[in-house]
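Worksheet: one structure, shown below.
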Amino acid sequence: MSRTIELNLLEFQPKLNLVKREGKVFIFDPIRNKYLVQTPEEVVRQLFLSYILSSKGFPKNRIRTEKMLKVNELTKRCDILVFDWEMQPYLLVECKSPNVPLTEASLRQVASYNLPLKVKYLVLTNGITNYCCELDYENGQWQFLESIPAFPNQPSK
């Protein structure tokens, strides 16, 4: 694959809301407004959410986690889906556990989730390695970016 994005998601670790109940650790998802069992992938998702909410200006009411999709008649779930001001799919994020290397197959997975969505940006992260692609549907091209884009400004009326 190509260019990785330098991003230290661990700096957002203090923002995570963790509780321990009955011997299990739970992590709070501010998008779904509930506690979930802490798994390595869930920690990556919550760190990435914290990053885009606090550093990239993404509004909470434009983000969905574990969004159900139909891909070739199969039901799939994408980790994070962000909608723009017109509620059109804007950015799709696939999170992996930190011990899962990001491969071409990982990129194909997130690209297949995008088939019904047609987002402008695809992100693939395992919390250590991060990729972001900008998609140009008109010209059938895509390019790796050096950073995650900020949320777009609200269009003027």
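Going by the structure tokens order, chains are called A, B, ..., each with residues numbered from 1, while ligands are numbered from 1 in the order shown.
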* Please, which residues of segment 10-106 of chain A, numbered as in this document, come out strand (DSSP E) from DSSP, as a PyMOL selection string? -> chain A and resi 18-21+24-29+34-37+63-71+74-83+89-95
Original post:
So which bits of segment 31-149 of chain A end up helix (DSSP H, G or I) when you DSSP the backbone, as a ChimeraX atom specification?
Top reply: /A:40-55,60-62,104-114
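The residue that comes closest to Lys24 of chain A, out of A:Val82, A:Val37, A:Met87, A:Leu9 and on the basis of only C-alpha atoms, is A:Val37.
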Computed gap from atom CA of Val123 of chain A to atom CA of Val19 of chain A is 28.5 Å
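If only C-alpha atoms are the atoms counted, then among A:Leu92, A:Val100, A:Ala105, A:Leu7 the closest residue to Asn126 of chain A is A:Val100.
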Within 12 Å of Pro59 of chain A, counting only C-alpha atoms, which residues qualify if same-chain residues fewer than 5 places away don't, as a PDB file with C-alpha atoms, in the first residue's frame?
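The resulting file, part_1.pdb, is shown below:
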```pdb
ATOM      1  CA  PRO A  30     -20.531   8.711  22.666  1.00  0.00           C
ATOM      2  CA  ILE A  31     -22.237   8.171  19.302  1.00  0.00           C
ATOM      3  CA  LEU A  49     -13.870   8.964  17.201  1.00  0.00           C
ATOM      4  CA  SER A  50     -12.265  11.081  19.900  1.00  0.00           C
ATOM      5  CA  TYR A  51      -9.706  12.294  17.357  1.00  0.00           C
ATOM      6  CA  ILE A  52     -12.213  13.349  14.680  1.00  0.00           C
ATOM      7  CA  LEU A  53     -14.589  14.901  17.221  1.00  0.00           C
ATOM      8  CA  SER A  54     -11.959  16.966  19.027  1.00  0.00           C
ATOM      9  CA  ARG A  64     -22.858   6.665  12.929  1.00  0.00           C
ATOM     10  CA  VAL A  82     -19.741  10.210   8.657  1.00  0.00           C
ATOM     11  CA  PHE A  83     -22.372  12.195   6.777  1.00  0.00           C
ATOM     12  CA  ASP A  84     -21.859  15.711   5.416  1.00  0.00           C
ATOM     13  CA  TRP A  85     -24.199  18.665   6.041  1.00  0.00           C
ATOM     14  CA  MET A  87     -26.610  13.918   5.169  1.00  0.00           C
ATOM     15  CA  ALA A 150     -11.371  18.200   8.505  1.00  0.00           C
ATOM     16  CA  PHE A 151     -15.148  18.213   8.410  1.00  0.00           C
ATOM     17  CA  PRO A 152     -16.336  20.537   5.610  1.00  0.00           C
ATOM     18  CA  ASN A 153     -17.696  23.955   6.459  1.00  0.00           C
ATOM     19  CA  GLN A 154     -21.462  24.272   6.461  1.00  0.00           C
TER      20      GLN A 154
END
```
Near Pro98 of chain A, within 9 Å and counting only C-alpha atoms, which residues show up once chain neighbours fewer than 4 positions away are dropped, as a ChimeraX atom specification? /A:40-41,44,125-129
Write out as an mmCIF file with C-alpha atoms, in the first residue's frame which residues come within 9 Å of Gln13 of chain A when counting only C-alpha atoms, dropping same-chain ones fewer than 5 positions away.
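And here's out_32.cif as it stands now:
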```
data_model
loop_
_atom_site.group_PDB
_atom_site.id
_atom_site.type_symbol
_atom_site.label_atom_id
_atom_site.label_comp_id
_atom_site.auth_asym_id
_atom_site.auth_seq_id
_atom_site.Cartn_x
_atom_site.Cartn_y
_atom_site.Cartn_z
ATOM 1 C CA VAL A 43 -10.613 0.886 21.646
ATOM 2 C CA GLN A 46 -13.255 5.085 20.252
ATOM 3 C CA LEU A 47 -9.784 6.637 19.937
ATOM 4 C CA SER A 50 -12.265 11.081 19.900
#
```
Item to complete: Excluding segment 137-148 of chain A and any residue of its chain fewer than 6 positions from it, enumerate the residues within 12 Å of it, using only C-alpha atoms, and give them as a PyMOL selection string.
Response: chain A and resi 1-8+48+51-52+55-58+91-93+107+111+114-115+117-125+130-131
Would you put the residues from that selection into a file with C-alpha atoms, as a PDB file, in the first residue's frame?
```pdb
ATOM      1  CA  MET A   1       0.000   0.000   0.000  1.00  0.00           C
ATOM      2  CA  SER A   2       1.062   3.608  -0.052  1.00  0.00           C
ATOM      3  CA  ARG A   3       1.475   6.588   2.224  1.00  0.00           C
ATOM      4  CA  THR A   4       0.629   6.225   5.902  1.00  0.00           C
ATOM      5  CA  ILE A   5      -0.653   9.074   8.033  1.00  0.00           C
ATOM      6  CA  GLU A   6       1.340  10.037  11.109  1.00  0.00           C
ATOM      7  CA  LEU A   7      -1.284  10.041  13.827  1.00  0.00           C
ATOM      8  CA  ASN A   8      -0.845   9.311  17.528  1.00  0.00           C
ATOM      9  CA  PHE A  48     -10.468   7.506  16.287  1.00  0.00           C
ATOM     10  CA  TYR A  51      -9.706  12.294  17.357  1.00  0.00           C
ATOM     11  CA  ILE A  52     -12.213  13.349  14.680  1.00  0.00           C
ATOM     12  CA  SER A  55      -9.329  17.626  16.342  1.00  0.00           C
ATOM     13  CA  LYS A  56     -11.134  17.582  12.995  1.00  0.00           C
ATOM     14  CA  GLY A  57     -14.405  19.362  13.798  1.00  0.00           C
ATOM     15  CA  PHE A  58     -16.701  16.449  13.049  1.00  0.00           C
ATOM     16  CA  LEU A  91     -16.161   9.512   5.187  1.00  0.00           C
ATOM     17  CA  LEU A  92     -16.015   5.775   5.887  1.00  0.00           C
ATOM     18  CA  VAL A  93     -13.665   4.320   8.522  1.00  0.00           C
ATOM     19  CA  LEU A 107      -8.361  -1.890   1.881  1.00  0.00           C
ATOM     20  CA  ALA A 111     -13.722  -0.311  -0.509  1.00  0.00           C
ATOM     21  CA  ASN A 114     -18.220   1.836   0.080  1.00  0.00           C
ATOM     22  CA  LEU A 115     -19.926   0.400  -3.032  1.00  0.00           C
ATOM     23  CA  LEU A 117     -22.216   4.661  -0.215  1.00  0.00           C
ATOM     24  CA  LYS A 118     -19.830   6.466  -2.591  1.00  0.00           C
ATOM     25  CA  VAL A 119     -18.059   8.449   0.148  1.00  0.00           C
ATOM     26  CA  LYS A 120     -15.432  11.046  -0.665  1.00  0.00           C
ATOM     27  CA  TYR A 121     -12.910   9.611   1.828  1.00  0.00           C
ATOM     28  CA  LEU A 122     -11.989   6.088   2.960  1.00  0.00           C
ATOM     29  CA  VAL A 123      -9.976   5.568   6.139  1.00  0.00           C
ATOM     30  CA  LEU A 124      -8.326   2.371   7.323  1.00  0.00           C
ATOM     31  CA  THR A 125      -6.751   2.272  10.798  1.00  0.00           C
ATOM     32  CA  ASN A 130      -3.481   4.856   9.307  1.00  0.00           C
ATOM     33  CA  TYR A 131      -4.423   5.344   5.667  1.00  0.00           C
TER      34      TYR A 131
END
```
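Between Arg45 of chain A and the residues A:Asn33, A:Ser97, A:Asn61, A:Asn17, the shortest atom-to-atom distance, using only C-alpha atoms, involves A:Ser97.
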Here atom CA of Glu66 of chain A and atom CA of Ile80 of chain A stand apart by 6.4 Å
Students should find that atom CA of Tyr113 of chain A and atom CA of Asp136 of chain A are spaced 16.5 Å
Counting only C-alpha atoms, closest pick from A:Leu10, A:Pro116, A:Gly23, A:Asp29 relative to Glu42 of chain A is A:Asp29
Residues near Leu36 of chain A, cut-off 8 Å, only C-alpha atoms, skip fewer than 4 positions along chain, as a list in words = Phe26, Ile27, Phe28 and Asp29 of chain A
